[in-house]
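Next comes data-v4.json, with JSON, C-alpha atoms and all ligand atoms.
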[["chain", "number", "residue", "atom", "x", "y", "z"],
["A", 5, "MET", "CA", 0.00, 0.00, 0.00],
["A", 6, "THR", "CA", 1.36, 3.48, -0.80],
["A", 7, "GLU", "CA", 1.28, 6.34, 1.70],
["A", 8, "ASN", "CA", -1.55, 8.00, -0.27],
["A", 9, "MET", "CA", -3.74, 4.97, 0.35],
["A", 10, "ILE", "CA", -3.11, 4.85, 4.12],
["A", 11, "ALA", "CA", -5.54, 6.94, 6.16],
["A", 12, "ARG", "CA", -3.89, 9.87, 7.95],
["A", 13, "PRO", "CA", -3.75, 9.38, 11.71],
["A", 14, "VAL", "CA", -6.60, 10.86, 13.70],
["A", 15, "ILE", "CA", -5.04, 13.65, 15.78],
["A", 16, "LEU", "CA", -6.42, 13.70, 19.29],
["A", 17, "GLU", "CA", -5.72, 16.90, 21.18],
["A", 18, "THR", "CA", -7.97, 16.56, 24.20],
["A", 19, "VAL", "CA", -8.41, 14.02, 26.96],
["A", 20, "ALA", "CA", -12.13, 13.81, 26.21],
["A", 21, "GLY", "CA", -11.45, 13.30, 22.48],
["A", 22, "ALA", "CA", -8.92, 10.54, 23.16],
["A", 23, "ARG", "CA", -11.28, 8.77, 25.55],
["A", 24, "SER", "CA", -14.14, 8.91, 23.10],
["A", 25, "ALA", "CA", -12.04, 7.78, 20.07],
["A", 26, "LEU", "CA", -10.61, 4.82, 21.99],
["A", 27, "SER", "CA", -13.63, 3.79, 24.02],
["A", 28, "GLY", "CA", -14.72, 0.18, 23.54],
["A", 29, "ARG", "CA", -11.40, -0.83, 21.93],
["A", 30, "ASN", "CA", -9.55, -3.58, 23.74],
["A", 31, "ASP", "CA", -6.50, -3.59, 21.47],
["A", 32, "VAL", "CA", -5.07, -0.17, 22.28],
["A", 33, "VAL", "CA", -1.26, -0.13, 22.23],
["A", 34, "LEU", "CA", 0.35, 3.07, 23.47],
["A", 35, "VAL", "CA", 3.77, 4.39, 22.49],
["A", 36, "PRO", "CA", 4.54, 7.38, 24.73],
["A", 37, "THR", "CA", 7.03, 9.84, 23.18],
["A", 38, "MET", "CA", 8.14, 13.43, 23.40],
["A", 39, "GLY", "CA", 8.22, 13.66, 19.60],
["A", 40, "ALA", "CA", 11.20, 14.51, 17.36],
["A", 41, "LEU", "CA", 10.76, 10.96, 16.15],
["A", 42, "HIS", "CA", 13.77, 9.02, 14.87],
["A", 43, "ALA", "CA", 14.46, 5.43, 13.88],
["A", 44, "GLY", "CA", 14.45, 4.38, 17.55],
["A", 45, "HIS", "CA", 10.83, 5.55, 17.85],
["A", 46, "VAL", "CA", 10.02, 3.89, 14.53],
["A", 47, "ALA", "CA", 11.14, 0.56, 16.03],
["A", 48, "LEU", "CA", 8.77, 1.11, 18.98],
["A", 49, "VAL", "CA", 5.90, 1.95, 16.65],
["A", 50, "GLU", "CA", 6.57, -1.05, 14.40],
["A", 51, "ARG", "CA", 6.48, -3.33, 17.43],
["A", 52, "ALA", "CA", 3.26, -1.65, 18.62],
["A", 53, "LEU", "CA", 1.65, -2.24, 15.21],
["A", 54, "GLU", "CA", 2.47, -5.95, 15.55],
["A", 55, "LEU", "CA", 0.80, -6.04, 18.96],
["A", 56, "GLY", "CA", -2.57, -4.41, 18.25],
["A", 57, "GLN", "CA", -4.69, -2.53, 15.73],
["A", 58, "SER", "CA", -5.41, 0.59, 17.76],
["A", 59, "VAL", "CA", -1.92, 2.06, 18.08],
["A", 60, "VAL", "CA", -1.74, 5.47, 19.70],
["A", 61, "VAL", "CA", 1.51, 7.44, 19.67],
["A", 62, "SER", "CA", 1.49, 10.22, 22.22],
["A", 63, "ILE", "CA", 3.62, 13.26, 21.47],
["A", 64, "PHE", "CA", 3.98, 15.49, 24.49],
["A", 65, "VAL", "CA", 7.06, 17.33, 25.73],
["A", 66, "ASN", "CA", 6.31, 16.95, 29.40],
["A", 67, "PRO", "CA", 7.44, 20.02, 31.35],
["A", 68, "LEU", "CA", 7.11, 18.12, 34.62],
["A", 69, "GLN", "CA", 10.19, 16.02, 33.88],
["A", 70, "PHE", "CA", 12.54, 18.91, 33.03],
["A", 71, "GLY", "CA", 14.53, 20.73, 35.72],
["A", 72, "PRO", "CA", 14.66, 24.55, 35.79],
["A", 73, "THR", "CA", 18.06, 24.66, 34.04],
["A", 74, "GLU", "CA", 17.31, 21.90, 31.52],
["A", 75, "ASP", "CA", 16.56, 22.02, 27.80],
["A", 76, "LEU", "CA", 12.72, 22.25, 27.88],
["A", 77, "ASP", "CA", 12.61, 25.43, 25.76],
["A", 78, "VAL", "CA", 14.97, 24.13, 23.09],
["A", 79, "TYR", "CA", 13.85, 20.49, 23.15],
["A", 80, "PRO", "CA", 13.24, 19.62, 19.44],
["A", 81, "ARG", "CA", 9.58, 19.89, 18.42],
["A", 82, "HIS", "CA", 8.57, 18.78, 14.89],
["A", 83, "LEU", "CA", 4.91, 17.85, 15.19],
["A", 84, "ASP", "CA", 4.03, 18.03, 11.48],
["A", 85, "GLU", "CA", 7.04, 15.94, 10.44],
["A", 86, "ASP", "CA", 6.29, 13.47, 13.24],
["A", 87, "ILE", "CA", 2.70, 13.07, 12.05],
["A", 88, "ASP", "CA", 3.92, 12.48, 8.48],
["A", 89, "LYS", "CA", 6.26, 9.74, 9.71],
["A", 90, "LEU", "CA", 3.47, 8.10, 11.71],
["A", 91, "HIS", "CA", 1.15, 8.36, 8.70],
["A", 92, "ALA", "CA", 3.72, 6.52, 6.55],
["A", 93, "LEU", "CA", 3.92, 3.78, 9.20],
["A", 94, "GLY", "CA", 0.13, 3.39, 9.26],
["A", 95, "VAL", "CA", -0.45, 4.61, 12.82],
["A", 96, "PRO", "CA", -4.18, 5.25, 13.31],
["A", 97, "PHE", "CA", -4.08, 7.66, 16.30],
["A", 98, "VAL", "CA", -1.77, 10.41, 17.55],
["A", 99, "PHE", "CA", -2.41, 11.99, 20.95],
["A", 100, "ALA", "CA", -0.82, 15.45, 20.91],
["A", 101, "PRO", "CA", -2.27, 17.49, 23.78],
["A", 102, "SER", "CA", -1.19, 20.97, 24.86],
["A", 103, "VAL", "CA", 0.46, 21.56, 28.23],
["A", 104, "GLU", "CA", -2.77, 23.25, 29.39],
["A", 105, "GLU", "CA", -4.79, 20.18, 28.42],
["A", 106, "MET", "CA", -2.52, 17.86, 30.40],
["A", 107, "TYR", "CA", -2.00, 20.20, 33.36],
["A", 108, "PRO", "CA", -5.11, 22.43, 33.41],
["A", 109, "SER", "CA", -4.49, 23.78, 36.88],
["A", 110, "GLY", "CA", -0.90, 24.79, 36.12],
["A", 111, "THR", "CA", 1.10, 23.70, 39.13],
["A", 112, "VAL", "CA", 0.70, 20.00, 39.63],
["A", 113, "GLN", "CA", -0.07, 19.03, 43.22],
["A", 114, "THR", "CA", -0.46, 15.26, 42.83],
["A", 115, "LYS", "CA", 2.58, 13.42, 41.55],
["A", 116, "ILE", "CA", 3.87, 9.87, 41.41],
["A", 117, "SER", "CA", 6.99, 9.34, 43.51],
["A", 118, "ALA", "CA", 9.64, 7.24, 41.78],
["A", 119, "GLY", "CA", 11.07, 6.30, 45.20],
["A", 120, "SER", "CA", 14.73, 5.93, 46.11],
["A", 121, "VAL", "CA", 15.82, 4.36, 42.79],
["A", 122, "GLY", "CA", 14.16, 7.33, 41.11],
["A", 123, "GLY", "CA", 16.73, 9.54, 42.84],
["A", 124, "MET", "CA", 19.73, 7.52, 41.62],
["A", 125, "TYR", "CA", 21.76, 7.66, 38.38],
["A", 126, "GLU", "CA", 19.65, 9.76, 35.95],
["A", 127, "GLY", "CA", 17.45, 10.94, 38.83],
["A", 128, "ARG", "CA", 20.50, 12.10, 40.82],
["A", 129, "SER", "CA", 21.76, 14.21, 37.92],
["A", 130, "ARG", "CA", 18.28, 15.36, 36.93],
["A", 131, "PRO", "CA", 16.21, 15.74, 40.13],
["A", 132, "GLY", "CA", 12.48, 15.34, 39.53],
["A", 133, "LEU", "CA", 12.95, 13.61, 36.16],
["A", 134, "PHE", "CA", 11.36, 10.33, 37.12],
["A", 135, "ASP", "CA", 8.58, 11.73, 39.34],
["A", 136, "GLY", "CA", 7.62, 13.83, 36.31],
["A", 137, "ALA", "CA", 7.97, 11.02, 33.78],
["A", 138, "LEU", "CA", 6.01, 8.51, 35.90],
["A", 139, "THR", "CA", 3.28, 11.08, 36.56],
["A", 140, "VAL", "CA", 2.71, 11.72, 32.87],
["A", 141, "VAL", "CA", 2.92, 8.00, 32.02],
["A", 142, "ALA", "CA", 0.28, 7.29, 34.70],
["A", 143, "LYS", "CA", -1.93, 10.03, 33.21],
["A", 144, "LEU", "CA", -1.49, 8.64, 29.69],
["A", 145, "LEU", "CA", -2.39, 5.14, 30.89],
["A", 146, "ASN", "CA", -5.46, 6.48, 32.68],
["A", 147, "ILE", "CA", -6.58, 8.45, 29.64],
["A", 148, "MET", "CA", -6.10, 5.70, 27.04],
["A", 149, "HIS", "CA", -6.37, 2.42, 28.96],
["A", 150, "PRO", "CA", -4.01, 0.58, 26.60],
["A", 151, "SER", "CA", -3.61, -3.18, 26.88],
["A", 152, "THR", "CA", 0.13, -2.72, 26.17],
["A", 153, "VAL", "CA", 2.54, 0.19, 26.50],
["A", 154, "VAL", "CA", 5.81, 0.17, 24.56],
["A", 155, "PHE", "CA", 9.13, 1.62, 25.77],
["A", 156, "GLY", "CA", 12.73, 1.56, 24.57],
["A", 157, "GLN", "CA", 15.51, -0.27, 26.41],
["A", 158, "LYS", "CA", 17.68, 2.84, 25.92],
["A", 159, "ASP", "CA", 15.89, 4.36, 28.92],
["A", 160, "ALA", "CA", 16.56, 1.31, 31.08],
["A", 161, "GLN", "CA", 16.03, 3.09, 34.41],
["A", 162, "GLN", "CA", 12.73, 4.56, 33.17],
["A", 163, "VAL", "CA", 11.60, 1.08, 32.08],
["A", 164, "PHE", "CA", 12.45, -0.34, 35.52],
["A", 165, "LEU", "CA", 10.56, 2.46, 37.30],
["A", 166, "VAL", "CA", 7.52, 2.25, 34.99],
["A", 167, "ARG", "CA", 7.27, -1.49, 35.53],
["A", 168, "ARG", "CA", 7.49, -0.98, 39.27],
["A", 169, "MET", "CA", 4.83, 1.75, 39.23],
["A", 170, "ILE", "CA", 2.52, -0.49, 37.20],
["A", 171, "GLY", "CA", 3.01, -3.31, 39.71],
["A", 172, "ASP", "CA", 2.74, -1.10, 42.80],
["A", 173, "LEU", "CA", -0.42, 0.64, 41.55],
["A", 174, "ASN", "CA", -2.00, -2.47, 39.97],
["A", 175, "ILE", "CA", -2.38, -0.77, 36.60],
["A", 176, "PRO", "CA", -3.76, -3.35, 34.13],
["A", 177, "VAL", "CA", -1.29, -2.94, 31.26],
["A", 178, "ALA", "CA", 1.51, -5.08, 29.80],
["A", 179, "VAL", "CA", 4.92, -3.50, 29.19],
["A", 180, "GLU", "CA", 6.77, -4.25, 25.98],
["A", 181, "VAL", "CA", 10.44, -3.25, 25.74],
["A", 182, "VAL", "CA", 12.20, -2.77, 22.39],
["A", 183, "ASP", "CA", 15.98, -2.95, 21.96],
["A", 184, "THR", "CA", 18.01, 0.22, 21.50],
["A", 185, "VAL", "CA", 18.47, 1.32, 17.89],
["A", 186, "ARG", "CA", 21.99, 2.53, 17.05],
["A", 187, "ASP", "CA", 23.51, 4.45, 14.15],
["A", 188, "GLU", "CA", 26.22, 2.91, 11.96],
["A", 189, "ASN", "CA", 28.83, 3.95, 14.55],
["A", 190, "GLY", "CA", 27.04, 2.39, 17.49],
["A", 191, "LEU", "CA", 25.65, 5.65, 18.91],
["A", 192, "ALA", "CA", 22.25, 5.04, 20.52],
["A", 193, "LEU", "CA", 19.61, 7.09, 18.71],
["A", 194, "SER", "CA", 18.17, 9.94, 20.76],
["A", 195, "SER", "CA", 16.26, 13.11, 19.94],
["A", 196, "ARG", "CA", 19.09, 14.98, 21.70],
["A", 197, "ASN", "CA", 21.67, 13.71, 19.14],
["A", 198, "SER", "CA", 20.44, 16.56, 16.92],
["A", 199, "PHE", "CA", 22.24, 18.96, 19.30],
["A", 200, "LEU", "CA", 25.65, 17.37, 18.53],
["A", 201, "ASP", "CA", 28.00, 18.95, 16.00],
["A", 202, "GLY", "CA", 30.33, 16.81, 13.84],
["A", 203, "ARG", "CA", 33.17, 16.58, 16.40],
["A", 204, "GLU", "CA", 30.74, 15.82, 19.20],
["A", 205, "LEU", "CA", 28.99, 13.15, 17.15],
["A", 206, "HIS", "CA", 32.35, 11.50, 16.59],
["A", 207, "ALA", "CA", 33.23, 11.74, 20.30],
["A", 208, "ALA", "CA", 29.81, 10.40, 21.36],
["A", 209, "ARG", "CA", 30.69, 7.01, 19.88],
["A", 210, "ALA", "CA", 32.86, 6.51, 22.97],
["A", 211, "LEU", "CA", 29.76, 5.73, 25.06],
["A", 212, "SER", "CA", 28.80, 2.64, 23.09],
["A", 213, "GLN", "CA", 32.48, 1.70, 22.72],
["A", 214, "ALA", "CA", 32.76, 1.81, 26.52],
["A", 215, "LEU", "CA", 29.72, -0.46, 26.82],
["A", 216, "GLU", "CA", 31.15, -2.88, 24.27],
["A", 217, "ALA", "CA", 34.44, -2.97, 26.19],
["A", 218, "ALA", "CA", 32.47, -3.54, 29.41],
["A", 219, "SER", "CA", 30.53, -6.39, 27.85],
["A", 220, "SER", "CA", 33.69, -8.06, 26.53],
["A", 221, "SER", "CA", 35.17, -7.95, 30.05],
["A", 222, "ALA", "CA", 32.14, -9.37, 31.87],
["A", 223, "ASP", "CA", 33.96, -12.65, 32.47],
["A", 224, "GLY", "CA", 36.35, -10.77, 34.76],
["A", 225, "GLY", "CA", 33.62, -9.44, 37.09],
["A", 226, "ILE", "CA", 32.63, -5.87, 38.03],
["A", 227, "ASP", "CA", 36.11, -4.41, 38.48],
["A", 228, "ALA", "CA", 37.17, -5.63, 35.04],
["A", 229, "VAL", "CA", 33.95, -4.28, 33.50],
["A", 230, "LEU", "CA", 34.42, -0.82, 35.00],
["A", 231, "ALA", "CA", 38.13, -0.68, 34.12],
["A", 232, "ALA", "CA", 37.45, -1.68, 30.51],
["A", 233, "ALA", "CA", 34.70, 0.91, 30.10],
["A", 234, "GLN", "CA", 36.78, 3.67, 31.67],
["A", 235, "GLY", "CA", 39.71, 2.73, 29.44],
["A", 236, "ALA", "CA", 37.54, 3.17, 26.34],
["A", 237, "LEU", "CA", 36.51, 6.66, 27.48],
["A", 238, "MET", "CA", 40.01, 7.87, 28.29],
["A", 239, "GLY", "CA", 41.06, 8.93, 24.82],
["A", 240, "GLU", "CA", 37.98, 11.15, 24.32],
["A", 241, "PRO", "CA", 38.37, 14.54, 26.03],
["A", 242, "LEU", "CA", 35.03, 15.84, 24.69],
["A", 243, "VAL", "CA", 33.19, 13.20, 26.73],
["A", 244, "GLN", "CA", 32.69, 14.19, 30.36],
["A", 245, "LEU", "CA", 31.53, 11.13, 32.24],
["A", 246, "ASP", "CA", 28.65, 11.66, 34.66],
["A", 247, "TYR", "CA", 28.28, 8.08, 35.90],
["A", 248, "LEU", "CA", 29.24, 4.55, 34.97],
["A", 249, "LYS", "CA", 27.48, 1.93, 37.09],
["A", 250, "VAL", "CA", 26.80, -1.77, 37.10],
["A", 251, "VAL", "CA", 23.35, -2.50, 38.51],
["A", 252, "ASN", "CA", 21.21, -5.49, 39.34],
["A", 253, "PRO", "CA", 18.37, -5.63, 36.76],
["A", 254, "ASP", "CA", 15.85, -6.83, 39.37],
["A", 255, "THR", "CA", 16.42, -4.02, 41.88],
["A", 256, "PHE", "CA", 18.35, -1.42, 39.91],
["A", 257, "LEU", "CA", 20.63, -1.10, 42.95],
["A", 258, "PRO", "CA", 24.40, -1.22, 42.35],
["A", 259, "SER", "CA", 25.55, -4.82, 41.88],
["A", 260, "ASP", "CA", 27.62, -6.10, 44.83],
["A", 261, "ASP", "CA", 31.34, -6.65, 44.40],
["A", 262, "GLY", "CA", 31.68, -10.24, 43.34],
["A", 263, "ALA", "CA", 28.15, -10.34, 41.90],
["A", 264, "ARG", "CA", 27.53, -12.90, 39.17],
["A", 265, "GLY", "CA", 24.78, -13.30, 36.64],
["A", 266, "PRO", "CA", 22.71, -10.70, 34.75],
["A", 267, "ALA", "CA", 23.56, -7.04, 35.27],
["A", 268, "VAL", "CA", 23.08, -3.77, 33.42],
["A", 269, "VAL", "CA", 25.90, -1.32, 32.75],
["A", 270, "LEU", "CA", 24.59, 2.25, 32.80],
["A", 271, "ILE", "CA", 26.51, 5.17, 31.36],
["A", 272, "ALA", "CA", 25.75, 8.89, 31.17],
["A", 273, "ALA", "CA", 28.03, 11.59, 29.87],
["A", 274, "ARG", "CA", 27.99, 15.13, 28.67],
["A", 275, "VAL", "CA", 29.32, 15.62, 25.15],
["A", 276, "GLY", "CA", 29.68, 19.37, 24.72],
["A", 277, "ASN", "CA", 26.44, 20.72, 26.18],
["A", 278, "THR", "CA", 24.43, 17.58, 25.42],
["A", 279, "ARG", "CA", 23.76, 14.89, 27.99],
["A", 280, "LEU", "CA", 23.61, 11.35, 26.59],
["A", 281, "ILE", "CA", 22.75, 8.03, 28.20],
["A", 282, "ASP", "CA", 23.15, 4.43, 27.13],
["A", 283, "ASN", "CA", 23.21, 0.98, 28.70],
["A", 284, "GLU", "CA", 24.06, -2.64, 27.99],
["A", 285, "ARG", "CA", 22.86, -5.89, 29.52],
["A", 286, "ILE", "CA", 25.74, -8.17, 30.50],
["A", 287, "VAL", "CA", 26.23, -11.43, 32.37],
["A", 288, "LEU", "CA", 28.89, -11.15, 35.09],
["A", 289, "ALA", "CA", 31.20, -14.05, 35.77],
["A", 290, "GLY", "CA", 34.61, -14.03, 37.44],
["B", 301, "LIG", "O1", 10.94, 8.50, 27.34],
["B", 301, "LIG", "C1", 10.32, 9.53, 27.06],
["B", 301, "LIG", "O2", 10.35, 10.04, 25.94],
["B", 301, "LIG", "C2", 9.51, 10.20, 28.15],
["B", 301, "LIG", "O3", 10.11, 10.08, 29.39],
["B", 301, "LIG", "C3", 8.06, 9.71, 28.20],
["B", 301, "LIG", "C4", 7.99, 8.25, 28.58],
["B", 301, "LIG", "C5", 7.39, 9.93, 26.85],
["B", 301, "LIG", "C6", 7.28, 10.49, 29.25],
["B", 301, "LIG", "O4", 7.26, 11.86, 28.97]]
Write out the structure in this file as structure tokens.
Ligand code: PAF
Amino acid sequence: MTENMIARPVILETVAGARSALSGRNDVVLVPTMGALHAGHVALVERALELGQSVVVSIFVNPLQFGPTEDLDVYPRHLDEDIDKLHALGVPFVFAPSVEEMYPSGTVQTKISAGSVGGMYEGRSRPGLFDGALTVVAKLLNIMHPSTVVFGQKDAQQVFLVRRMIGDLNIPVAVEVVDTVRDENGLALSSRNSFLDGRELHAARALSQALEAASSSADGGIDAVLAAAQGALMGEPLVQLDYLKVVNPDTFLPSDDGARGPAVVLIAARVGNTRLIDNERIVLAG
């Protein structure tokens, strides 16, 4: 089928409109995004389309998850282009509310707490990030009642916290996680990559190279993993490491020295003015 023959997505801008368009459907699959869609989002949408007919992609740059000095004002917004991409993919519904529609009373008084893990790693560097992200995800789930919600493994800590919220609050939705999509140099795709200039793009490869080095050293245990990753970052002065951690995938707490079995290596770094994150699942031996 050509793009001309696929119906354009129905654009839902209000909570009431979304509820009414989706009511009675039991195959709603939600892909929450902040827009500026790239091939990583496309992979989420393609998986969603395999899982159900009534795919809704939400596009909402959620102010609640940005700190006062963060990039909310300059965060890339390309709604028309995003809708064209979703049209080409055959997505039937786009939920693109305004800030006033999502937060009609302005200051939000009721928020989800992401708990202590929400204050670690990304949450330590970006206070309030996960309370804000979980709050908007809970609102989206309450508005659209999807049977499945799709997230990317790139935001591993967010996936952990969303799963825990869904369990703790008994929200009836399945979580589907799609692998990270990378460019030809291994860089994990992110809407923020558009902020990188040529030198920074080149330097940013060091994050995935560090994760590859970590993964290749997993047989040697945590110390070997950390040393290998740090070694891969050393030759790249444009990359300022924020954190490099090995965590237990079940608790997201730092893995104990001498831990064996599945673990996740988390990395975050600033490349120029842009903050990037990535992660890799490994199996520790040693
Ligand atoms: O991962 C994101 O893009 C955001 O945190 C999300 C889940 C869309 C909530 O605003």
message: Set the distance at 10 Å and use only C-alpha atoms: which residues neighbour Leu90 of chain A once local chain neighbours fewer than 3 positions away are removed? I'd like the list as a list in words.
response: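 Near neighbours after the sequence-gap exclusion: Arg12, Pro13, Leu41, His45, Val46, Val49, Val60, Val61, Asp84, Glu85, Asp86, Ile87, Leu93, Gly94, Val95, Pro96, Phe97 and Val98 of chain A.
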message: Would you compute the distance between atom CA of Asp135 of chain A and atom CA of Gly122 of chain A? Give it in Å to one decimal.
response: 7.3 Å
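For Ser151 of chain A, the residues within 12 Å (counting all atoms listed in the file, excluding itself and residues fewer than 6 positions away along the chain) are Leu26, Arg29, Asn30, Asp31, Val32, Val33, Leu34, Val35, Ala52, Leu55, Gly56, Gln57, Ser58, Val59, Val60, Leu145, Ile175, Pro176, Val177, Ala178, Val179 and Glu180 of chain A.
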Within-9 Å residues of ligand LIG 301 (chain B), basis only C-alpha atoms and all ligand atoms, as a tab-separated table (two decimals) with C-alpha atoms, in the coordinates of the input:
chain	number	residue	atom	x	y	z
A	35	VAL	CA	3.77	4.39	22.49
A	36	PRO	CA	4.54	7.38	24.73
A	37	THR	CA	7.03	9.84	23.18
A	38	MET	CA	8.14	13.43	23.40
A	39	GLY	CA	8.22	13.66	19.60
A	62	SER	CA	1.49	10.22	22.22
A	63	ILE	CA	3.62	13.26	21.47
A	64	PHE	CA	3.98	15.49	24.49
A	65	VAL	CA	7.06	17.33	25.73
A	66	ASN	CA	6.31	16.95	29.40
A	67	PRO	CA	7.44	20.02	31.35
A	68	LEU	CA	7.11	18.12	34.62
A	69	GLN	CA	10.19	16.02	33.88
A	133	LEU	CA	12.95	13.61	36.16
A	134	PHE	CA	11.36	10.33	37.12
A	136	GLY	CA	7.62	13.83	36.31
A	137	ALA	CA	7.97	11.02	33.78
A	138	LEU	CA	6.01	8.51	35.90
A	139	THR	CA	3.28	11.08	36.56
A	140	VAL	CA	2.71	11.72	32.87
A	141	VAL	CA	2.92	8.00	32.02
A	144	LEU	CA	-1.49	8.64	29.69
A	155	PHE	CA	9.13	1.62	25.77
A	156	GLY	CA	12.73	1.56	24.57
A	158	LYS	CA	17.68	2.84	25.92
A	159	ASP	CA	15.89	4.36	28.92
A	162	GLN	CA	12.73	4.56	33.17
A	163	VAL	CA	11.60	1.08	32.08
A	166	VAL	CA	7.52	2.25	34.99
A	195	SER	CA	16.26	13.11	19.94
Selected residue of minimal separation from Lys143 of chain A among A:Glu204, A:Glu126, A:Glu105, A:Asp261, counting all atoms listed in the file: A:Glu105
query: Skipping near chain neighbours, those fewer than 3 positions away, what residues fall within 9 Å of segment 232-237 of chain A using all atoms listed in the file, listed as a ChimeraX atom specification?
result: /A:210-211,213-221,227-229,240-241,243-245,248
Listed atoms of segment 235-246 of chain A, axis-aligned box, 5 Å per side: centre and edge lengths to one decimal in Å, as JSON?
{"center_x": 34.9, "center_y": 9.3, "center_z": 29.5, "size_x": 22.4, "size_y": 23.1, "size_z": 20.3}
- prompt: Interatomic distance between atom CA of Val185 of chain A and atom CA of Gly44 of chain A?
  reply: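 The value is 5.1 Å.
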field: Contacts of Glu188 of chain A within 12 Å, only C-alpha atoms, excl. fewer than 4 positions in-chain, as a list in words
entry: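 Contacts, with the query itself left out: Ala192, Leu193, Leu205, His206, Arg209 and Ser212 of chain A.
When all atoms listed in the file are used to measure the gap to Ser194 of chain A, the shortest distance among A:Met106, A:Ala208, A:Met124, A:Val181 belongs to A:Ala208.
A straight line drawn from atom CA of Ala289 of chain A to atom CA of Arg264 of chain A is 5.1 Å long.
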Can you list every residue of segment 101-192 of chain A that has an atom at most 12 Å from segment 273-279 of chain A, with its nearest atom pair and the distance in Å to one decimal, using only C-alpha atoms, ordered by chain then number, as JSON lines?
{"residue": "A:Tyr125", "atom": "CA", "partner": "A:Ala273", "partner_atom": "CA", "distance": 11.3}
{"residue": "A:Glu126", "atom": "CA", "partner": "A:Arg279", "partner_atom": "CA", "distance": 10.3}
{"residue": "A:Ser129", "atom": "CA", "partner": "A:Arg279", "partner_atom": "CA", "distance": 10.2}
{"residue": "A:Arg130", "atom": "CA", "partner": "A:Arg279", "partner_atom": "CA", "distance": 10.5}
Take segment 224-228 of chain A, bring it up to all heavy atoms, and give me the output as a short mmCIF file (atom, residue, chain, number, x, y, z; two decimals), in the frame of the given file.
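For reference, part_31.cif as written:
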data_model
loop_
_atom_site.label_atom_id
_atom_site.label_comp_id
_atom_site.auth_asym_id
_atom_site.auth_seq_id
_atom_site.Cartn_x
_atom_site.Cartn_y
_atom_site.Cartn_z
N GLY A 224 35.42 -11.13 33.68
CA GLY A 224 36.35 -10.77 34.76
C GLY A 224 35.66 -10.15 35.96
O GLY A 224 36.33 -9.73 36.90
N GLY A 225 34.33 -10.01 35.94
CA GLY A 225 33.62 -9.44 37.09
C GLY A 225 33.56 -7.91 37.01
O GLY A 225 34.04 -7.29 36.07
N ILE A 226 32.95 -7.32 38.07
CA ILE A 226 32.63 -5.87 38.03
C ILE A 226 33.86 -4.99 37.84
O ILE A 226 33.83 -4.04 37.06
CB ILE A 226 31.90 -5.46 39.32
CG1 ILE A 226 30.53 -6.09 39.34
CG2 ILE A 226 31.76 -3.94 39.40
CD1 ILE A 226 29.63 -5.57 40.41
N ASP A 227 34.94 -5.30 38.58
CA ASP A 227 36.11 -4.41 38.48
C ASP A 227 36.64 -4.38 37.05
O ASP A 227 37.00 -3.32 36.53
CB ASP A 227 37.22 -4.86 39.45
CG ASP A 227 36.81 -4.59 40.89
OD1 ASP A 227 35.84 -3.83 41.09
OD2 ASP A 227 37.46 -5.15 41.80
N ALA A 228 36.67 -5.55 36.42
CA ALA A 228 37.17 -5.63 35.04
C ALA A 228 36.24 -4.87 34.10
O ALA A 228 36.68 -4.16 33.18
CB ALA A 228 37.28 -7.09 34.61
#
